[in-house]
$ cat upload.cif   # mmCIF, C-alpha atoms and all ligand atoms
data_start
#
loop_
_atom_site.label_atom_id
_atom_site.label_comp_id
_atom_site.auth_asym_id
_atom_site.auth_seq_id
_atom_site.Cartn_x
_atom_site.Cartn_y
_atom_site.Cartn_z
CA MET T 204 147.95 240.89 283.19
CA LYS T 205 145.02 238.57 283.93
CA GLU T 206 146.70 237.66 287.23
CA MET T 207 145.09 240.84 288.57
CA TRP T 208 141.61 239.56 287.75
CA SER T 209 139.37 237.92 290.34
CA SER T 210 139.87 234.20 289.84
CA ASP T 211 136.19 233.52 289.16
CA LEU T 212 136.23 236.03 286.31
CA LEU T 213 138.85 234.18 284.30
CA ASP T 214 136.38 231.70 282.76
CA MET T 215 133.44 234.09 282.53
CA LYS T 216 131.71 234.25 279.16
CA PRO T 217 129.86 237.56 278.97
CA TYR T 218 126.62 238.08 277.10
CA VAL T 219 127.10 238.95 273.42
CA PRO T 220 124.49 241.51 272.32
CA GLY T 221 123.28 241.74 268.72
CA GLU T 222 125.65 243.90 266.72
CA GLN T 223 125.14 247.67 266.40
CA PRO T 224 127.28 248.15 263.27
CA LYS T 225 128.64 251.51 262.22
CA ASP T 226 130.17 250.58 258.83
CA ARG T 227 127.02 251.27 256.81
CA ARG T 228 123.28 251.73 257.22
CA TYR T 229 121.47 248.46 257.73
CA ILE T 230 117.84 247.54 258.04
CA LYS T 231 118.22 246.46 261.66
CA LEU T 232 116.10 243.45 262.47
CA ASN T 233 118.57 241.88 264.91
CA THR T 234 118.01 243.31 268.41
CA ASN T 235 114.23 243.57 268.75
CA GLU T 236 114.29 247.34 268.94
CA ASN T 237 111.07 249.14 268.07
CA PRO T 238 111.01 250.52 264.50
CA TYR T 239 108.99 253.55 265.65
CA PRO T 240 110.37 256.50 267.58
CA PRO T 241 109.48 257.02 271.23
CA SER T 242 106.42 259.06 272.15
CA PRO T 243 106.97 262.75 271.24
CA LYS T 244 106.01 263.48 274.87
CA ALA T 245 108.93 261.34 276.05
CA ILE T 246 111.32 263.24 273.81
CA GLU T 247 109.95 266.56 275.10
CA ALA T 248 110.38 265.41 278.70
CA ILE T 249 113.95 264.28 277.99
CA ILE T 250 114.82 267.65 276.45
CA ALA T 251 113.19 269.47 279.37
CA ALA T 252 115.21 267.35 281.84
CA ALA T 253 118.49 268.48 280.25
CA ASN T 254 118.72 271.50 282.52
CA ALA T 255 120.78 272.96 285.38
CA ASP T 256 119.37 270.39 287.83
CA LEU T 257 121.66 267.80 286.24
CA ARG T 258 124.27 268.97 288.77
CA LEU T 259 122.11 267.23 291.39
CA TYR T 260 121.85 263.48 291.91
CA PRO T 261 118.60 262.01 290.66
CA ASP T 262 115.81 260.76 292.93
CA GLY T 263 117.22 257.43 294.13
CA GLU T 264 113.70 256.10 294.71
CA CYS T 265 112.52 257.19 291.25
CA GLY T 266 109.32 258.56 292.83
CA ASP T 267 107.70 260.05 289.75
CA LEU T 268 108.70 257.15 287.49
CA VAL T 269 107.33 254.67 290.02
CA ALA T 270 104.10 256.72 290.12
CA ALA T 271 103.88 256.50 286.30
CA ILE T 272 104.49 252.72 286.43
CA SER T 273 101.81 252.48 289.11
CA GLU T 274 99.32 254.35 286.86
CA PHE T 275 100.33 252.16 283.90
CA THR T 276 99.99 248.81 285.70
CA GLY T 277 97.38 249.56 288.37
CA LEU T 278 99.68 248.28 291.14
CA PRO T 279 100.53 250.30 294.25
CA ALA T 280 103.94 252.02 294.30
CA SER T 281 105.05 249.78 297.19
CA ARG T 282 105.10 246.82 294.77
CA ILE T 283 107.25 248.50 292.13
CA PHE T 284 111.01 248.81 291.68
CA ALA T 285 112.45 251.00 288.90
CA GLY T 286 115.84 250.20 287.38
CA ASN T 287 118.39 251.10 284.75
CA GLY T 288 117.10 248.79 282.03
CA SER T 289 115.62 245.40 282.75
CA ASP T 290 118.94 243.60 282.27
CA GLU T 291 120.17 245.40 285.35
CA VAL T 292 116.96 244.60 287.22
CA LEU T 293 117.45 240.93 286.28
CA ALA T 294 121.04 241.04 287.55
CA LEU T 295 119.89 242.52 290.88
CA ALA T 296 117.20 239.83 291.10
CA PHE T 297 119.70 237.02 290.48
CA ARG T 298 121.94 238.50 293.18
CA ALA T 299 119.00 238.89 295.59
CA PHE T 300 117.36 235.46 295.13
CA PHE T 301 119.55 233.02 293.23
CA ALA T 302 123.14 233.74 294.29
CA SER T 303 125.86 231.70 295.97
CA GLY T 304 124.75 228.17 295.11
CA ALA T 305 120.97 228.78 295.28
CA LYS T 306 119.05 226.70 292.76
CA ALA T 307 116.97 227.97 289.83
CA ARG T 308 115.34 226.22 286.90
CA THR T 309 115.01 227.76 283.44
CA PRO T 310 114.26 226.48 279.90
CA ASP T 311 117.27 225.29 277.86
CA VAL T 312 116.21 227.62 275.06
CA GLY T 313 115.75 231.03 276.64
CA TYR T 314 117.19 234.50 277.08
CA SER T 315 120.95 234.03 276.84
CA PHE T 316 121.66 236.55 279.61
CA TYR T 317 120.36 234.15 282.31
CA PRO T 318 123.32 231.73 282.07
CA VAL T 319 125.65 234.73 282.30
CA TYR T 320 124.06 236.01 285.53
CA ALA T 321 124.04 232.46 286.86
CA ALA T 322 127.79 232.20 286.25
CA LEU T 323 128.54 235.65 287.69
CA PHE T 324 126.48 235.20 290.86
CA GLY T 325 127.06 231.48 291.41
CA THR T 326 123.54 230.22 290.73
CA ASN T 327 123.15 226.46 290.60
CA ILE T 328 121.03 226.63 287.44
CA GLU T 329 119.20 223.70 285.82
CA TYR T 330 118.14 223.78 282.18
CA VAL T 331 114.86 222.07 281.31
CA PRO T 332 114.53 221.09 277.64
CA VAL T 333 111.70 222.90 275.89
CA ASN T 334 109.32 220.79 273.81
CA GLU T 335 110.00 219.98 270.15
CA ASP T 336 107.76 222.93 269.16
CA TYR T 337 109.69 225.21 271.58
CA THR T 338 106.81 225.51 274.03
CA VAL T 339 107.73 225.41 277.73
CA PRO T 340 106.84 222.15 279.53
CA VAL T 341 104.86 223.49 282.50
CA GLU T 342 105.03 220.28 284.60
CA ALA T 343 108.81 220.53 284.78
CA PHE T 344 108.49 223.91 286.48
CA LEU T 345 106.28 222.75 289.36
CA ASP T 346 107.83 221.87 292.75
CA THR T 347 111.27 223.04 291.67
CA PRO T 348 114.13 222.83 294.17
CA GLY T 349 114.88 226.56 294.23
CA GLY T 350 112.71 228.67 291.95
CA VAL T 351 112.13 229.56 288.32
CA VAL T 352 113.42 232.07 285.77
CA LEU T 353 111.28 232.30 282.65
CA ALA T 354 110.72 234.83 279.90
CA ASN T 355 107.09 234.99 278.77
CA PRO T 356 106.86 235.33 275.80
CA ASN T 357 110.09 233.36 275.67
CA ALA T 358 113.15 234.59 273.78
CA PRO T 359 114.27 233.76 271.17
CA THR T 360 111.33 231.40 270.56
CA ALA T 361 108.54 234.06 270.67
CA ALA T 362 106.19 231.43 272.14
CA ALA T 363 104.08 232.38 275.16
CA LEU T 364 102.39 230.47 277.97
CA PRO T 365 98.82 231.45 278.88
CA LEU T 366 98.22 233.13 282.23
CA ALA T 367 96.67 229.94 283.67
CA ASP T 368 99.99 228.10 283.14
CA ILE T 369 102.00 230.94 284.68
CA GLU T 370 99.69 230.78 287.71
CA ARG T 371 100.21 227.01 287.98
CA ILE T 372 103.97 227.60 288.06
CA VAL T 373 103.72 230.37 290.66
CA ALA T 374 101.30 228.35 292.83
CA GLY T 375 103.45 225.25 292.31
CA ASN T 376 106.52 226.82 293.94
CA PRO T 377 105.47 228.18 297.33
CA GLY T 378 108.35 229.85 299.17
CA ARG T 379 110.54 229.88 296.04
CA LEU T 380 110.86 232.83 293.69
CA VAL T 381 109.25 232.64 290.25
CA LEU T 382 110.77 235.34 288.06
CA ILE T 383 108.77 236.10 284.91
CA ASP T 384 110.56 238.33 282.40
CA GLU T 385 107.82 240.10 280.44
CA ALA T 386 110.06 242.05 278.06
CA TYR T 387 107.75 241.24 275.11
CA VAL T 388 104.37 240.87 276.82
CA ASP T 389 102.82 243.94 275.17
CA PHE T 390 102.95 242.30 271.74
CA GLY T 391 100.14 239.88 272.44
CA ALA T 392 100.75 237.66 275.48
CA GLU T 393 98.87 237.76 278.79
CA THR T 394 100.60 239.59 281.63
CA ALA T 395 100.79 238.04 285.09
CA VAL T 396 100.36 241.43 286.83
CA SER T 397 96.97 240.29 288.19
CA LEU T 398 98.80 237.60 290.23
CA ILE T 399 101.11 240.03 292.04
CA GLU T 400 98.63 240.82 294.84
CA LYS T 401 97.77 237.12 295.21
CA TYR T 402 101.22 235.49 295.49
CA ASP T 403 104.24 236.52 297.54
CA ASN T 404 106.76 234.56 295.41
CA LEU T 405 106.17 236.20 292.01
CA LEU T 406 108.54 238.76 290.52
CA ILE T 407 107.72 240.26 287.10
CA VAL T 408 110.33 242.22 285.16
CA ARG T 409 109.49 244.70 282.38
CA THR T 410 111.49 246.92 280.05
CA MET T 411 111.01 250.28 278.32
CA SER T 412 113.27 249.07 275.48
CA LYS T 413 110.82 247.16 273.30
CA ALA T 414 107.15 248.22 273.28
CA HIS T 415 107.98 251.72 274.55
CA SER T 416 110.76 252.40 271.97
CA LEU T 417 113.23 253.57 274.62
CA ALA T 418 116.17 251.15 274.36
CA GLY T 419 118.44 254.19 274.17
CA ILE T 420 117.75 255.59 277.64
CA ARG T 421 117.91 252.36 279.69
CA ALA T 422 114.86 251.95 281.89
CA GLY T 423 113.01 248.94 283.20
CA TRP T 424 111.13 247.88 286.28
CA ALA T 425 110.09 245.01 288.52
CA MET T 426 106.85 244.17 290.33
CA GLY T 427 106.41 241.94 293.36
CA CYS T 428 105.33 241.84 296.98
CA GLU T 429 106.97 244.32 299.35
CA ASN T 430 109.42 241.74 300.64
CA ILE T 431 110.69 241.15 297.10
CA ILE T 432 110.94 244.89 296.38
CA THR T 433 112.89 245.37 299.62
CA ALA T 434 115.35 242.63 298.60
CA LEU T 435 115.94 244.35 295.23
CA ASN T 436 116.48 247.71 296.97
CA THR T 437 118.92 246.07 299.37
CA VAL T 438 121.11 244.82 296.51
CA LYS T 439 120.77 248.08 294.59
CA ASN T 440 121.83 250.14 297.58
CA CYS T 441 124.88 247.91 298.05
CA VAL T 442 126.07 248.76 294.54
CA ASN T 443 124.75 252.13 293.35
CA SER T 444 122.05 254.23 294.96
CA TYR T 445 121.29 256.18 291.78
CA THR T 446 120.90 253.63 289.01
CA VAL T 447 118.35 255.61 286.96
CA ASP T 448 119.50 259.05 285.85
CA ARG T 449 117.29 262.16 285.69
CA ILE T 450 116.91 262.01 281.92
CA ALA T 451 115.84 258.37 281.89
CA GLN T 452 113.39 258.88 284.76
CA ALA T 453 111.74 261.81 282.96
CA GLY T 454 111.60 260.10 279.55
CA ALA T 455 110.30 256.77 280.84
CA ALA T 456 107.59 258.38 282.98
CA ALA T 457 106.36 260.52 280.07
CA ALA T 458 106.32 257.52 277.71
CA LEU T 459 104.27 255.45 280.16
CA ARG T 460 101.76 258.29 280.55
CA ASP T 461 101.26 258.52 276.77
CA ARG T 462 99.09 255.44 276.67
CA GLU T 463 97.51 256.30 273.35
CA TYR T 464 100.86 256.43 271.56
CA PHE T 465 101.94 253.16 273.19
CA GLU T 466 98.72 251.42 272.09
CA SER T 467 99.02 252.67 268.52
CA THR T 468 102.66 251.63 268.00
CA ARG T 469 102.28 248.22 269.55
CA ARG T 470 99.20 247.56 267.38
CA ARG T 471 101.17 248.55 264.30
CA VAL T 472 104.01 246.18 265.21
CA ILE T 473 101.53 243.33 265.79
CA ALA T 474 99.80 243.97 262.44
CA THR T 475 103.15 244.03 260.61
CA ARG T 476 104.20 240.82 262.38
CA GLU T 477 101.09 239.02 261.15
CA ARG T 478 101.59 240.20 257.57
CA SER T 479 105.31 239.30 257.62
CA ALA T 480 104.60 235.86 259.09
CA ALA T 481 102.12 235.13 256.29
CA ALA T 482 104.57 236.31 253.60
CA LEU T 483 107.41 234.16 255.00
CA ARG T 484 105.12 231.14 255.34
CA ALA T 485 104.24 231.57 251.68
CA LEU T 486 107.98 231.26 250.93
CA GLY T 487 108.08 227.92 252.74
CA PHE T 488 109.24 228.99 256.22
CA ASP T 489 107.89 227.41 259.35
CA MET T 490 107.80 229.31 262.60
CA THR T 491 106.53 229.37 266.15
CA ASP T 492 103.33 231.25 267.02
CA SER T 493 104.86 234.62 267.84
CA LYS T 494 103.47 236.76 270.65
CA ALA T 495 106.53 239.02 270.52
CA ASN T 496 108.00 241.68 268.20
CA PHE T 497 110.06 239.09 266.35
CA LEU T 498 109.63 235.88 264.38
CA PHE T 499 111.57 232.68 265.00
CA VAL T 500 111.76 231.03 261.60
CA ARG T 501 113.28 228.06 259.78
CA HIS T 502 113.39 227.21 256.11
CA PRO T 503 113.38 223.45 255.47
CA ASP T 504 115.84 223.65 252.54
CA PHE T 505 117.94 226.69 253.25
CA PRO T 506 120.53 226.79 256.07
CA ALA T 507 119.87 229.62 258.53
CA LYS T 508 123.50 230.68 258.77
CA GLU T 509 123.82 231.07 255.00
CA LEU T 510 120.61 233.08 254.84
CA PHE T 511 121.84 235.27 257.70
CA MET T 512 125.09 236.01 255.84
CA LYS T 513 123.42 236.64 252.49
CA LEU T 514 120.95 239.06 254.09
CA ARG T 515 123.83 240.83 255.81
CA GLU T 516 125.57 241.36 252.46
CA ARG T 517 122.38 243.02 251.28
CA GLY T 518 122.27 245.36 254.25
CA ILE T 519 119.66 243.49 256.29
CA LEU T 520 120.65 242.34 259.77
CA VAL T 521 118.80 239.51 261.49
CA ARG T 522 119.94 237.35 264.42
CA TYR T 523 121.53 233.94 264.08
CA PHE T 524 122.42 231.92 267.20
CA ASP T 525 125.09 229.28 266.78
CA LEU T 526 123.69 227.34 269.75
CA PRO T 527 122.24 223.85 270.24
CA ARG T 528 118.57 223.44 269.22
CA VAL T 529 118.31 226.84 267.49
CA SER T 530 121.11 226.92 264.91
CA ASP T 531 118.67 226.00 262.12
CA ARG T 532 116.63 229.17 262.78
CA LEU T 533 116.73 232.92 262.46
CA ARG T 534 115.24 235.46 264.80
CA ILE T 535 113.84 238.36 262.80
CA SER T 536 112.73 241.52 264.62
CA ILE T 537 109.62 243.25 263.28
CA GLY T 538 110.48 246.50 261.51
CA THR T 539 108.24 248.92 259.65
CA ASP T 540 106.05 247.59 256.85
CA GLY T 541 108.66 248.90 254.39
CA ASP T 542 111.54 247.14 256.22
CA MET T 543 109.64 243.87 256.17
CA GLU T 544 108.72 244.14 252.51
CA THR T 545 112.41 244.64 251.73
CA LEU T 546 113.29 241.64 253.87
CA VAL T 547 110.69 239.36 252.28
CA ALA T 548 111.76 240.40 248.76
CA ALA T 549 115.44 239.77 249.60
CA VAL T 550 114.66 236.37 251.11
CA ALA T 551 112.55 235.39 248.07
CA ASP T 552 115.42 236.40 245.79
CA ILE T 553 118.10 234.54 247.79
CA ILE T 554 116.04 231.36 248.03
CA GLY T 555 114.95 231.59 244.38
CA LYS T 556 118.57 231.93 243.18
CA ARG T 557 119.61 228.69 244.79
CA ARG T 558 116.77 226.61 243.45
C1 LIG V 601 115.52 242.88 275.45
C2 LIG V 601 115.34 241.98 276.63
C3 LIG V 601 115.60 242.43 277.92
C4 LIG V 601 116.46 243.64 278.14
O1 LIG V 601 115.89 244.80 278.22
P1 LIG V 601 116.67 246.11 278.65
O2 LIG V 601 115.63 246.77 279.48
O3 LIG V 601 116.97 246.82 277.39
O4 LIG V 601 117.88 245.77 279.44
C5 LIG V 601 115.29 241.61 278.99
N1 LIG V 601 114.77 240.38 278.80
C6 LIG V 601 114.54 239.90 277.58
C7 LIG V 601 113.97 238.54 277.43
C8 LIG V 601 114.84 240.68 276.47
O5 LIG V 601 114.68 240.17 275.25
#

$ encode --input "upload.cif" --output "structure tokens"
Amino acid sequence: MKEMWSSDLLDMKPYVPGEQPKDRRYIKLNTNENPYPPSPKAIEAIIAAANADLRLYPDGECGDLVAAISEFTGLPASRIFAGNGSDEVLALAFRAFFASGAKARTPDVGYSFYPVYAALFGTNIEYVPVNEDYTVPVEAFLDTPGGVVLANPNAPTAAALPLADIERIVAGNPGRLVLIDEAYVDFGAETAVSLIEKYDNLLIVRTMSKAHSLAGIRAGWAMGCENIITALNTVKNCVNSYTVDRIAQAGAAAALRDREYFESTRRRVIATRERSAAALRALGFDMTDSKANFLFVRHPDFPAKELFMKLRERGILVRYFDLPRVSDRLRISIGTDGDMETLVAAVADIIGKRR
């Protein structure tokens, strides 16, 4: 029946998300979700939004959510675009700026959705090898032929570039879009928001899924000059005028306005990350300097794939990527202190048994 399919879809390899298993309860450290629940105010707002008004379409411009993002970031509403999760915002951005043979440069180790968008939208994408230590070589992202796509902190490496390097990249590509995906920025990296009013070629994408504990409602946003925001709205309004439903708009806005809750959960995740990193180092692991809510680790004498499978048998899910340059590593999301103590004890036991 594939003869019905569009010809360019036949070879498409879609993104494979981390598993969400239903066979048993796992300690889930495989998709970088937040171990803490969303703000109680977000849950209240979501419940309150489940009312008779659901018969009406939502606000296509997401006015109140954009206002909450504006309060959260300090940017004017005219520089903000709200979307149905940042993956969708990224897809709209690829379609708006990098489609149909346009060029873009991205690190060879990066968020594995970018190659998928590139294939779907016909981006002529170039992969720049990251350094041996997984840091991004800044020089290779200056004077690019068509623009840049970069997660900062990067995924799955957890390594971040300082703001000064991001500014060099933005300033080094006049007239070409530099897309910075800040999905993990709240866990310790520097945001490039301060550059938005200074450069007309910078697009920053954020998500509610990680630091705001709202992966389940699908909300994200983008920030850029008005020309960039207009381009995103143009693509959006060619596909679906109402990408963010009433419930997601209400929940995301309330979560952003509960700054205190956001600050306290992200601090807890950062503190747990530091403790977990030290415990895993003591077991002989090496790792990148994480500025995200996950660790990217390698054990010199224990194959990552075997460790991944043994942890899975014990009900602990982490992420293993069978891809060049990263197949000797695991990506471990930061859970609660209890989750991480269980993980460290299981790892110590597995490694100890083989010795
Ligand atoms: C998790 C993640 C996203 C996706 O976020 P959603 O808003 O849940 O779609 C985007 N970019 C990176 C780098 C991520 O890790």

$ closest_residue --input "upload.cif" --among "T:Lys513, T:Lys439, T:Arg308, T:Arg409" --to "T:Arg379" --atoms "all atoms listed in the file"
T:Arg308

$ closest_residue --input "upload.cif" --among "T:Tyr402, T:Pro243, T:Ala425, T:Pro238" --to "ligand LIG 601 (chain V)" --atoms "only C-alpha atoms and all ligand atoms"
T:Ala425

$ residues_near_ligand --input "upload.cif" --ligand "ligand LIG 601 (chain V)" --cutoff "9 Å" --atoms "only C-alpha atoms and all ligand atoms" --output "PyMOL selection string"
chain T and resi 234-236+286-293+313-316+353-359+384-387+408-413+417-424

$ closest_residue --input "upload.cif" --among "T:Asn496, T:Thr491, T:Asn327, T:Asn376" --to "T:Gly391" --atoms "all atoms listed in the file"
T:Asn496

$ residues_around --input "upload.cif" --residues "T:Gly487" --least-positions-apart "5" --cutoff "12 Å" --atoms "all atoms listed in the file" --output "PDB file with C-alpha atoms, in the frame of the given file"
ATOM      1  CA  ALA T 480     104.600 235.860 259.090  1.00  0.00           C
ATOM      2  CA  ALA T 481     102.120 235.130 256.290  1.00  0.00           C
ATOM      3  CA  ALA T 482     104.570 236.310 253.600  1.00  0.00           C
ATOM      4  CA  VAL T 500     111.760 231.030 261.600  1.00  0.00           C
ATOM      5  CA  ARG T 501     113.280 228.060 259.780  1.00  0.00           C
ATOM      6  CA  HIS T 502     113.390 227.210 256.110  1.00  0.00           C
ATOM      7  CA  PRO T 503     113.380 223.450 255.470  1.00  0.00           C
ATOM      8  CA  ASP T 504     115.840 223.650 252.540  1.00  0.00           C
ATOM      9  CA  PHE T 505     117.940 226.690 253.250  1.00  0.00           C
ATOM     10  CA  VAL T 547     110.690 239.360 252.280  1.00  0.00           C
ATOM     11  CA  VAL T 550     114.660 236.370 251.110  1.00  0.00           C
ATOM     12  CA  ALA T 551     112.550 235.390 248.070  1.00  0.00           C
ATOM     13  CA  ILE T 554     116.040 231.360 248.030  1.00  0.00           C
ATOM     14  CA  GLY T 555     114.950 231.590 244.380  1.00  0.00           C
TER      15      GLY T 555
END

$ atom_distance --input "upload.cif" --atom1 "atom CA of T:Pro224" --atom2 "atom CA of T:Glu477"
27.8 Å

$ atom_distance --input "upload.cif" --atom1 "atom CA of T:Ala395" --atom2 "atom CA of T:Leu364"
10.5 Å

$ atom_distance --input "upload.cif" --atom1 "atom CA of T:Glu222" --atom2 "atom CA of T:Leu546"
18.0 Å

$ residues_around --input "upload.cif" --residues "T:Gln223" --least-positions-apart "2" --cutoff "9 Å" --atoms "only C-alpha atoms" --output "MDAnalysis selection string"
chainID T and resid 220:221 225 231 233:234

$ closest_residue --input "upload.cif" --among "T:Gly518, T:Pro310, T:Pro365, T:Pro506" --to "T:Lys494" --atoms "all atoms listed in the file"
T:Pro365

$ closest_residue --input "upload.cif" --among "T:Val388, T:Gly375, T:Glu264, T:Ala296" --to "T:Ile431" --atoms "only C-alpha atoms"
T:Ala296

$ residues_around --input "upload.cif" --residues "T:Arg471" --least-positions-apart "4" --cutoff "10 Å" --atoms "only C-alpha atoms" --output "PyMOL selection string"
chain T and resi 239+390+466-467+475-476+538-540

$ residues_near_point --input "upload.cif" --point "(119.1, 248.0, 294.3)" --cutoff "10 Å" --atoms "only C-alpha atoms" --output "PyMOL selection string"
chain T and resi 263-264+284-286+291-292+294-296+298-299+432-446

$ residues_around --input "upload.cif" --residues "T:Phe297" --least-positions-apart "6" --cutoff "10 Å" --atoms "only C-alpha atoms" --output "list in words"
Glu291, Ser303, Ala305, Ala307, Tyr317, Tyr320, Ala321, Leu323, Phe324, Gly325, Thr326, Val352, Leu382, Leu435 and Val438 of chain T

$ closest_residue --input "upload.cif" --among "T:Tyr260, T:Thr545, T:Pro340, T:Ser536" --to "T:Arg517" --atoms "only C-alpha atoms"
T:Thr545
